[in-house]
Amino acid sequence: MGVLTCEPVWWRDLIAPVLEADGTLDQDGSPRRQYYLGRCHSYKMDCIINYPYDCEFPIQNLPYGVFSTAQDLRKRIGVAIGDSILDLSKIYNLFNGPLLSNHQDVFTKSSLNALMSLTPECWKEARTTLQSLLSSKTNSSLQGQSKVFVKMQDATMHLPAEIGDYTDFYSSMNHAYNVGCMFRDPNNALLPNWKHLPVGYHGRASSVVVSGTPITRPVGQVCPEGAMSPNLKPSNLMDFELEMAFFIGGSPTKLGERIDINDAHNHIFGMVLMNDWSARDLQKWEYVPLGPFLAKSFGTTISPNLNLTAQCWNCVGKEQRQSI
């Protein structure tokens, strides 16, 4: 499975936490605000798990992740709900819809790759099943089943998927201009190709790590301004960028096979937050003429919770999908 990254643009309108006044007052007399995720979702969904109204993981969210515990070191797939994780390896048999009944084993794996390789219709059915199981308005078979839930504080989170490839893109003009000013004449900061193609590079997939993993300051060649030759030294210009990473799934493609832009959304499984680490002083010396190397390959941090695009696509128009 591959990962594409870019700076967030319109996606923030879909997944950003939104607070709206619900007409009631808090104890201090201020308007109480009801939490929901983006304009896609109704916040009037009851859940068998109790959580506060400003919870980051309500029933409308349900991001996937891979976790383990001290009592059970197996890596397994879970879904965040409230302050808990629903262990899908213990309820895989409940995914008995028309599409997933023959693919229940994907929920027993140690990564999301098998689930990601299915169709968008399967992803949507899985989400619908999870919301039904967690809804207090259905006769949920999870009622009272505390053993299928793990407290987040007792879990260790891992990478959600095995990453086969990783591509980083410039999607923000301001960012592309500012970095260009660091390495070139400000009058030539934004190169001509930026407005015509998705400028990117392939990163080191093996250095993508989950949030909380220590990042080691890289050592490399640095050539100070005016110097005749470089020095070998630890980077003094460590930098990071907040980005959004998209996990690519769907039916595997063959080498050289093209995907139509109108079908691209069917291959985007979900998204995570990402920190793109850089050693700018190393990068300035090494990036000409083939692009980043050691300056951009020593670590890339992603959040462990993977939000599904299935919860957003119904609210996105065709023009917005093409803008990706």
# chains A, B, ... in the order shown; residues from 1 in each chain; ligands from 1

call {"tool": "select_by_dssp", "arguments": {"residues": "range 77-209 of chain A", "states": "helix (DSSP H, G or I)", "output": "ChimeraX atom specification"}}
result
/A:88-90,92-94,104-108,113-116,120-134,146-148,152-154,173-183,186-188,192-195,205-207

call {"tool": "write_last_selection", "arguments": {"atoms": "C-alpha atoms", "output": "PDB file, in the first residue's frame"}}
result
ATOM      1  CA  LEU A  88     -12.097  -6.023  15.730  1.00  0.00           C
ATOM      2  CA  SER A  89     -10.257  -9.326  15.990  1.00  0.00           C
ATOM      3  CA  LYS A  90     -12.810 -10.309  18.632  1.00  0.00           C
ATOM      4  CA  TYR A  92     -14.800 -10.202  13.055  1.00  0.00           C
ATOM      5  CA  ASN A  93     -17.726 -12.622  12.704  1.00  0.00           C
ATOM      6  CA  LEU A  94     -20.184  -9.740  13.088  1.00  0.00           C
ATOM      7  CA  GLN A 104     -14.185 -11.487   7.630  1.00  0.00           C
ATOM      8  CA  ASP A 105     -10.561 -12.582   7.943  1.00  0.00           C
ATOM      9  CA  VAL A 106      -9.332  -9.068   7.038  1.00  0.00           C
ATOM     10  CA  PHE A 107     -10.328  -7.947  10.539  1.00  0.00           C
ATOM     11  CA  THR A 108      -8.058 -10.555  12.146  1.00  0.00           C
ATOM     12  CA  ASN A 113      -3.542  -3.836   4.190  1.00  0.00           C
ATOM     13  CA  ALA A 114      -6.005  -6.664   3.542  1.00  0.00           C
ATOM     14  CA  LEU A 115      -9.000  -4.420   4.272  1.00  0.00           C
ATOM     15  CA  MET A 116      -7.474  -1.652   2.168  1.00  0.00           C
ATOM     16  CA  PRO A 120     -14.857   1.169  -1.528  1.00  0.00           C
ATOM     17  CA  GLU A 121     -18.231  -0.553  -1.207  1.00  0.00           C
ATOM     18  CA  CYS A 122     -16.656  -2.969   1.298  1.00  0.00           C
ATOM     19  CA  TRP A 123     -15.106  -0.088   3.226  1.00  0.00           C
ATOM     20  CA  LYS A 124     -18.498   1.626   3.449  1.00  0.00           C
ATOM     21  CA  GLU A 125     -20.214  -1.583   4.552  1.00  0.00           C
ATOM     22  CA  ALA A 126     -17.625  -2.022   7.309  1.00  0.00           C
ATOM     23  CA  ARG A 127     -18.247   1.515   8.545  1.00  0.00           C
ATOM     24  CA  THR A 128     -22.030   1.077   8.459  1.00  0.00           C
ATOM     25  CA  THR A 129     -21.686  -2.184  10.401  1.00  0.00           C
ATOM     26  CA  LEU A 130     -19.503  -0.561  13.046  1.00  0.00           C
ATOM     27  CA  GLN A 131     -21.891   2.339  13.550  1.00  0.00           C
ATOM     28  CA  SER A 132     -24.809  -0.081  13.846  1.00  0.00           C
ATOM     29  CA  LEU A 133     -22.950  -2.236  16.390  1.00  0.00           C
ATOM     30  CA  LEU A 134     -22.038   0.811  18.467  1.00  0.00           C
ATOM     31  CA  SER A 146     -16.611  -5.149  27.972  1.00  0.00           C
ATOM     32  CA  LYS A 147     -13.987  -7.703  26.893  1.00  0.00           C
ATOM     33  CA  VAL A 148     -14.092  -6.483  23.288  1.00  0.00           C
ATOM     34  CA  MET A 152      -6.645   3.700  25.086  1.00  0.00           C
ATOM     35  CA  GLN A 153      -4.375   4.316  28.048  1.00  0.00           C
ATOM     36  CA  ASP A 154      -3.645   0.572  28.159  1.00  0.00           C
ATOM     37  CA  MET A 173       2.044  27.614  -3.029  1.00  0.00           C
ATOM     38  CA  ASN A 174       3.141  29.533   0.064  1.00  0.00           C
ATOM     39  CA  HIS A 175       5.170  26.588   1.305  1.00  0.00           C
ATOM     40  CA  ALA A 176       6.748  25.941  -2.104  1.00  0.00           C
ATOM     41  CA  TYR A 177       7.693  29.621  -2.359  1.00  0.00           C
ATOM     42  CA  ASN A 178       9.147  29.828   1.150  1.00  0.00           C
ATOM     43  CA  VAL A 179      11.289  26.718   0.709  1.00  0.00           C
ATOM     44  CA  GLY A 180      12.394  28.003  -2.691  1.00  0.00           C
ATOM     45  CA  CYS A 181      13.551  31.222  -1.041  1.00  0.00           C
ATOM     46  CA  MET A 182      15.709  29.170   1.341  1.00  0.00           C
ATOM     47  CA  PHE A 183      17.593  27.508  -1.507  1.00  0.00           C
ATOM     48  CA  PRO A 186      13.511  34.753  -4.120  1.00  0.00           C
ATOM     49  CA  ASN A 187      12.798  35.933  -7.660  1.00  0.00           C
ATOM     50  CA  ASN A 188      13.157  32.312  -8.795  1.00  0.00           C
ATOM     51  CA  PRO A 192       7.607  27.088 -13.582  1.00  0.00           C
ATOM     52  CA  ASN A 193       6.557  23.440 -13.307  1.00  0.00           C
ATOM     53  CA  TRP A 194       4.822  23.880  -9.950  1.00  0.00           C
ATOM     54  CA  LYS A 195       1.639  25.298 -11.528  1.00  0.00           C
ATOM     55  CA  ALA A 205       8.917   4.159   3.189  1.00  0.00           C
ATOM     56  CA  SER A 206      10.911   2.292   5.837  1.00  0.00           C
ATOM     57  CA  SER A 207      11.435   5.495   7.837  1.00  0.00           C
TER      58      SER A 207
END

call {"tool": "select_by_dssp", "arguments": {"residues": "range 66-180 of chain A", "states": "strand (DSSP E or B)", "output": "ChimeraX atom specification"}}
result
/A:66-69,76-81,84-87,135,149-151,155-158,165-169

call {"tool": "write_last_selection", "arguments": {"atoms": "N, CA, C and O atoms", "output": "CSV table (one decimal), in the first residue's frame"}}
result
chain,number,residue,atom,x,y,z
A,66,VAL,N,-4.0,0.2,14.6
A,66,VAL,CA,-3.4,-1.1,14.9
A,66,VAL,C,-2.8,-0.9,16.3
A,66,VAL,O,-2.0,0.0,16.5
A,67,PHE,N,-3.1,-1.8,17.2
A,67,PHE,CA,-2.7,-1.7,18.6
A,67,PHE,C,-2.3,-3.0,19.2
A,67,PHE,O,-2.5,-4.1,18.6
A,68,SER,N,-1.6,-3.0,20.3
A,68,SER,CA,-1.3,-4.1,21.2
A,68,SER,C,-1.4,-3.7,22.6
A,68,SER,O,-1.5,-2.5,22.9
A,69,THR,N,-1.4,-4.7,23.5
A,69,THR,CA,-1.5,-4.4,25.0
A,69,THR,C,-0.4,-5.2,25.7
A,69,THR,O,0.2,-6.2,25.1
A,76,ARG,N,-3.2,-5.9,16.4
A,76,ARG,CA,-4.5,-6.2,15.9
A,76,ARG,C,-5.2,-4.9,15.5
A,76,ARG,O,-4.9,-3.9,16.0
A,77,ILE,N,-6.2,-5.0,14.7
A,77,ILE,CA,-6.9,-3.9,14.2
A,77,ILE,C,-8.0,-3.5,15.2
A,77,ILE,O,-8.7,-4.3,15.8
A,78,GLY,N,-8.1,-2.2,15.5
A,78,GLY,CA,-9.1,-1.7,16.3
A,78,GLY,C,-9.7,-0.4,15.8
A,78,GLY,O,-9.2,0.2,14.8
A,79,VAL,N,-10.8,0.0,16.4
A,79,VAL,CA,-11.5,1.3,16.0
A,79,VAL,C,-11.6,2.1,17.3
A,79,VAL,O,-12.1,1.6,18.3
A,80,ALA,N,-11.2,3.4,17.2
A,80,ALA,CA,-11.3,4.3,18.4
A,80,ALA,C,-12.7,4.7,18.6
A,80,ALA,O,-13.4,5.2,17.7
A,81,ILE,N,-13.2,4.6,19.8
A,81,ILE,CA,-14.5,5.1,20.2
A,81,ILE,C,-14.5,5.6,21.6
A,81,ILE,O,-14.1,4.9,22.6
A,84,SER,N,-11.9,4.5,24.4
A,84,SER,CA,-11.6,3.0,24.2
A,84,SER,C,-11.3,2.7,22.8
A,84,SER,O,-11.4,3.5,21.9
A,85,ILE,N,-10.9,1.4,22.6
A,85,ILE,CA,-10.6,0.8,21.3
A,85,ILE,C,-11.4,-0.4,21.2
A,85,ILE,O,-11.4,-1.3,22.1
A,86,LEU,N,-12.2,-0.5,20.2
A,86,LEU,CA,-13.0,-1.7,19.9
A,86,LEU,C,-12.1,-2.7,19.1
A,86,LEU,O,-11.6,-2.4,18.0
A,87,ASP,N,-11.8,-3.9,19.7
A,87,ASP,CA,-10.9,-4.9,19.2
A,87,ASP,C,-11.7,-5.7,18.1
A,87,ASP,O,-12.5,-6.5,18.4
A,135,SER,N,-24.3,1.7,18.0
A,135,SER,CA,-25.4,2.5,18.2
A,135,SER,C,-26.3,2.0,19.4
A,135,SER,O,-26.6,0.8,19.4
A,149,PHE,N,-13.5,-4.4,24.3
A,149,PHE,CA,-13.0,-3.0,24.4
A,149,PHE,C,-11.7,-2.9,25.2
A,149,PHE,O,-11.6,-3.6,26.2
A,150,VAL,N,-10.8,-2.1,24.8
A,150,VAL,CA,-9.6,-1.8,25.5
A,150,VAL,C,-9.4,-0.3,25.7
A,150,VAL,O,-9.7,0.5,24.8
A,151,LYS,N,-9.1,0.1,26.9
A,151,LYS,CA,-8.9,1.5,27.2
A,151,LYS,C,-7.6,2.0,26.4
A,151,LYS,O,-6.6,1.3,26.4
A,155,ALA,N,-3.2,0.8,25.8
A,155,ALA,CA,-2.8,0.3,24.5
A,155,ALA,C,-1.6,0.9,23.9
A,155,ALA,O,-1.3,2.1,24.2
A,156,THR,N,-0.8,0.2,23.2
A,156,THR,CA,0.3,0.8,22.4
A,156,THR,C,-0.1,0.8,21.0
A,156,THR,O,-0.5,-0.2,20.4
A,157,MET,N,0.0,1.9,20.3
A,157,MET,CA,-0.4,2.1,18.9
A,157,MET,C,0.8,1.8,18.0
A,157,MET,O,2.0,2.2,18.3
A,158,HIS,N,0.5,1.3,16.8
A,158,HIS,CA,1.5,0.9,15.8
A,158,HIS,C,1.1,1.6,14.5
A,158,HIS,O,0.1,2.2,14.4
A,165,ASP,N,5.2,2.1,-0.4
A,165,ASP,CA,5.7,3.3,-1.1
A,165,ASP,C,5.2,4.5,-0.4
A,165,ASP,O,4.2,4.5,0.3
A,166,TYR,N,6.0,5.6,-0.6
A,166,TYR,CA,5.6,6.9,0.0
A,166,TYR,C,6.1,8.0,-0.9
A,166,TYR,O,7.2,8.1,-1.3
A,167,THR,N,5.1,8.9,-1.3
A,167,THR,CA,5.4,10.0,-2.1
A,167,THR,C,4.9,11.3,-1.5
A,167,THR,O,3.8,11.3,-0.9
A,168,ASP,N,5.8,12.3,-1.5
A,168,ASP,CA,5.5,13.6,-0.8
A,168,ASP,C,5.3,14.6,-1.9
A,168,ASP,O,6.1,14.7,-2.8
A,169,PHE,N,4.3,15.4,-1.8
A,169,PHE,CA,4.0,16.4,-2.8
A,169,PHE,C,4.0,17.8,-2.2
A,169,PHE,O,3.7,18.1,-1.0

call {"tool": "residues_around", "arguments": {"residues": "Ser136 in chain A", "least_positions_apart": "5", "cutoff": "12 Å", "atoms": "only C-alpha atoms", "output": "list in words"}}
result
Lys44, Met45, Asp46, Cys47, Ile48, Ile49, Asn50, Ile59, Leu130, Gln131, Ser141, Leu142, Gln143 and Gly144 of chain A

call {"tool": "write_last_selection", "arguments": {"atoms": "all heavy atoms", "output": "short mmCIF file (atom, residue, chain, number, x, y, z; two decimals), in the first residue's frame"}}
result
data_model
loop_
_atom_site.label_atom_id
_atom_site.label_comp_id
_atom_site.auth_asym_id
_atom_site.auth_seq_id
_atom_site.Cartn_x
_atom_site.Cartn_y
_atom_site.Cartn_z
N LYS A 44 -26.43 13.85 16.13
CA LYS A 44 -27.48 13.21 16.92
C LYS A 44 -27.45 11.70 16.72
O LYS A 44 -28.39 11.09 16.21
CB LYS A 44 -28.85 13.80 16.55
CG LYS A 44 -28.95 15.29 16.88
CD LYS A 44 -30.29 15.86 16.47
CE LYS A 44 -30.38 17.34 16.82
NZ LYS A 44 -31.67 17.95 16.39
N MET A 45 -26.36 11.09 17.13
CA MET A 45 -26.21 9.64 17.07
C MET A 45 -25.82 9.16 18.47
O MET A 45 -24.83 9.61 19.02
CB MET A 45 -25.13 9.23 16.06
CG MET A 45 -25.47 9.56 14.62
SD MET A 45 -24.19 8.98 13.46
CE MET A 45 -24.40 7.21 13.61
N ASP A 46 -26.62 8.28 19.01
CA ASP A 46 -26.37 7.77 20.34
C ASP A 46 -25.46 6.54 20.26
O ASP A 46 -25.49 5.79 19.29
CB ASP A 46 -27.69 7.40 21.03
CG ASP A 46 -28.56 8.62 21.25
OD1 ASP A 46 -28.02 9.65 21.65
OD2 ASP A 46 -29.79 8.52 21.01
N CYS A 47 -24.67 6.35 21.30
CA CYS A 47 -23.68 5.29 21.30
C CYS A 47 -23.74 4.51 22.60
O CYS A 47 -24.10 5.05 23.66
CB CYS A 47 -22.28 5.90 21.11
SG CYS A 47 -20.94 4.71 21.03
N ILE A 48 -23.39 3.22 22.54
CA ILE A 48 -23.39 2.40 23.74
C ILE A 48 -22.21 2.75 24.65
O ILE A 48 -22.20 2.36 25.82
CB ILE A 48 -23.35 0.90 23.39
CG1 ILE A 48 -22.08 0.55 22.60
CG2 ILE A 48 -24.59 0.49 22.62
CD1 ILE A 48 -21.90 -0.92 22.35
N ILE A 49 -21.23 3.48 24.12
CA ILE A 49 -20.09 3.95 24.91
C ILE A 49 -20.34 5.39 25.31
O ILE A 49 -20.65 6.24 24.47
CB ILE A 49 -18.78 3.86 24.10
CG1 ILE A 49 -18.50 2.42 23.69
CG2 ILE A 49 -17.61 4.43 24.90
CD1 ILE A 49 -18.22 1.49 24.85
N ASN A 50 -20.24 5.67 26.58
CA ASN A 50 -20.42 7.04 27.05
C ASN A 50 -19.15 7.84 26.86
O ASN A 50 -18.05 7.38 27.17
CB ASN A 50 -20.82 7.05 28.53
CG ASN A 50 -22.20 6.46 28.76
OD1 ASN A 50 -23.12 6.68 27.97
ND2 ASN A 50 -22.34 5.70 29.84
N ILE A 59 -19.01 8.44 17.74
CA ILE A 59 -19.48 7.40 16.83
C ILE A 59 -19.46 7.88 15.38
O ILE A 59 -19.43 7.08 14.45
CB ILE A 59 -20.90 6.93 17.24
CG1 ILE A 59 -21.28 5.65 16.49
CG2 ILE A 59 -21.91 8.03 17.05
CD1 ILE A 59 -22.58 5.03 16.98
N LEU A 130 -20.06 -1.03 11.78
CA LEU A 130 -19.50 -0.56 13.05
C LEU A 130 -20.44 0.44 13.72
O LEU A 130 -20.66 0.37 14.94
CB LEU A 130 -18.13 0.08 12.80
CG LEU A 130 -16.99 -0.90 12.50
CD1 LEU A 130 -15.78 -0.16 11.96
CD2 LEU A 130 -16.63 -1.67 13.76
N GLN A 131 -20.98 1.37 12.95
CA GLN A 131 -21.89 2.34 13.55
C GLN A 131 -23.15 1.66 14.08
O GLN A 131 -23.67 2.05 15.13
CB GLN A 131 -22.25 3.42 12.53
CG GLN A 131 -21.13 4.43 12.31
CD GLN A 131 -21.58 5.64 11.51
OE1 GLN A 131 -22.37 5.52 10.58
NE2 GLN A 131 -21.07 6.80 11.87
N SER A 141 -25.27 -6.37 19.71
CA SER A 141 -24.70 -7.54 20.38
C SER A 141 -23.48 -7.17 21.20
O SER A 141 -22.92 -8.01 21.91
CB SER A 141 -24.33 -8.60 19.34
OG SER A 141 -23.44 -8.07 18.37
N LEU A 142 -23.04 -5.90 21.14
CA LEU A 142 -21.89 -5.46 21.93
C LEU A 142 -22.29 -4.92 23.30
O LEU A 142 -21.43 -4.64 24.13
CB LEU A 142 -21.11 -4.37 21.18
CG LEU A 142 -20.52 -4.76 19.81
CD1 LEU A 142 -19.66 -3.62 19.28
CD2 LEU A 142 -19.70 -6.04 19.92
N GLN A 143 -23.58 -4.77 23.52
CA GLN A 143 -24.05 -4.28 24.82
C GLN A 143 -23.54 -5.18 25.94
O GLN A 143 -23.77 -6.39 25.93
CB GLN A 143 -25.58 -4.24 24.85
CG GLN A 143 -26.18 -3.10 24.04
CD GLN A 143 -26.21 -1.79 24.82
OE1 GLN A 143 -25.60 -1.65 25.87
NE2 GLN A 143 -26.92 -0.82 24.29
N GLY A 144 -22.81 -4.59 26.88
CA GLY A 144 -22.31 -5.34 28.02
C GLY A 144 -21.10 -6.20 27.73
O GLY A 144 -20.62 -6.92 28.61
#

call {"tool": "atom_distance", "arguments": {"atom1": "CA of Leu191 in chain A", "atom2": "CA of Ala279 in chain A"}}
result
21.2 Å

call {"tool": "atom_distance", "arguments": {"atom1": "CA of Trp277 in chain A", "atom2": "CA of Leu306 in chain A"}}
result
19.9 Å

call {"tool": "atom_distance", "arguments": {"atom1": "CA of Asn61 in chain A", "atom2": "CA of Val272 in chain A"}}
result
12.8 Å

call {"tool": "residues_around", "arguments": {"residues": "range 215-218 of chain A", "least_positions_apart": "5", "cutoff": "7 Å", "atoms": "only C-alpha atoms", "output": "ChimeraX atom specification"}}
result
/A:234-235,298-299
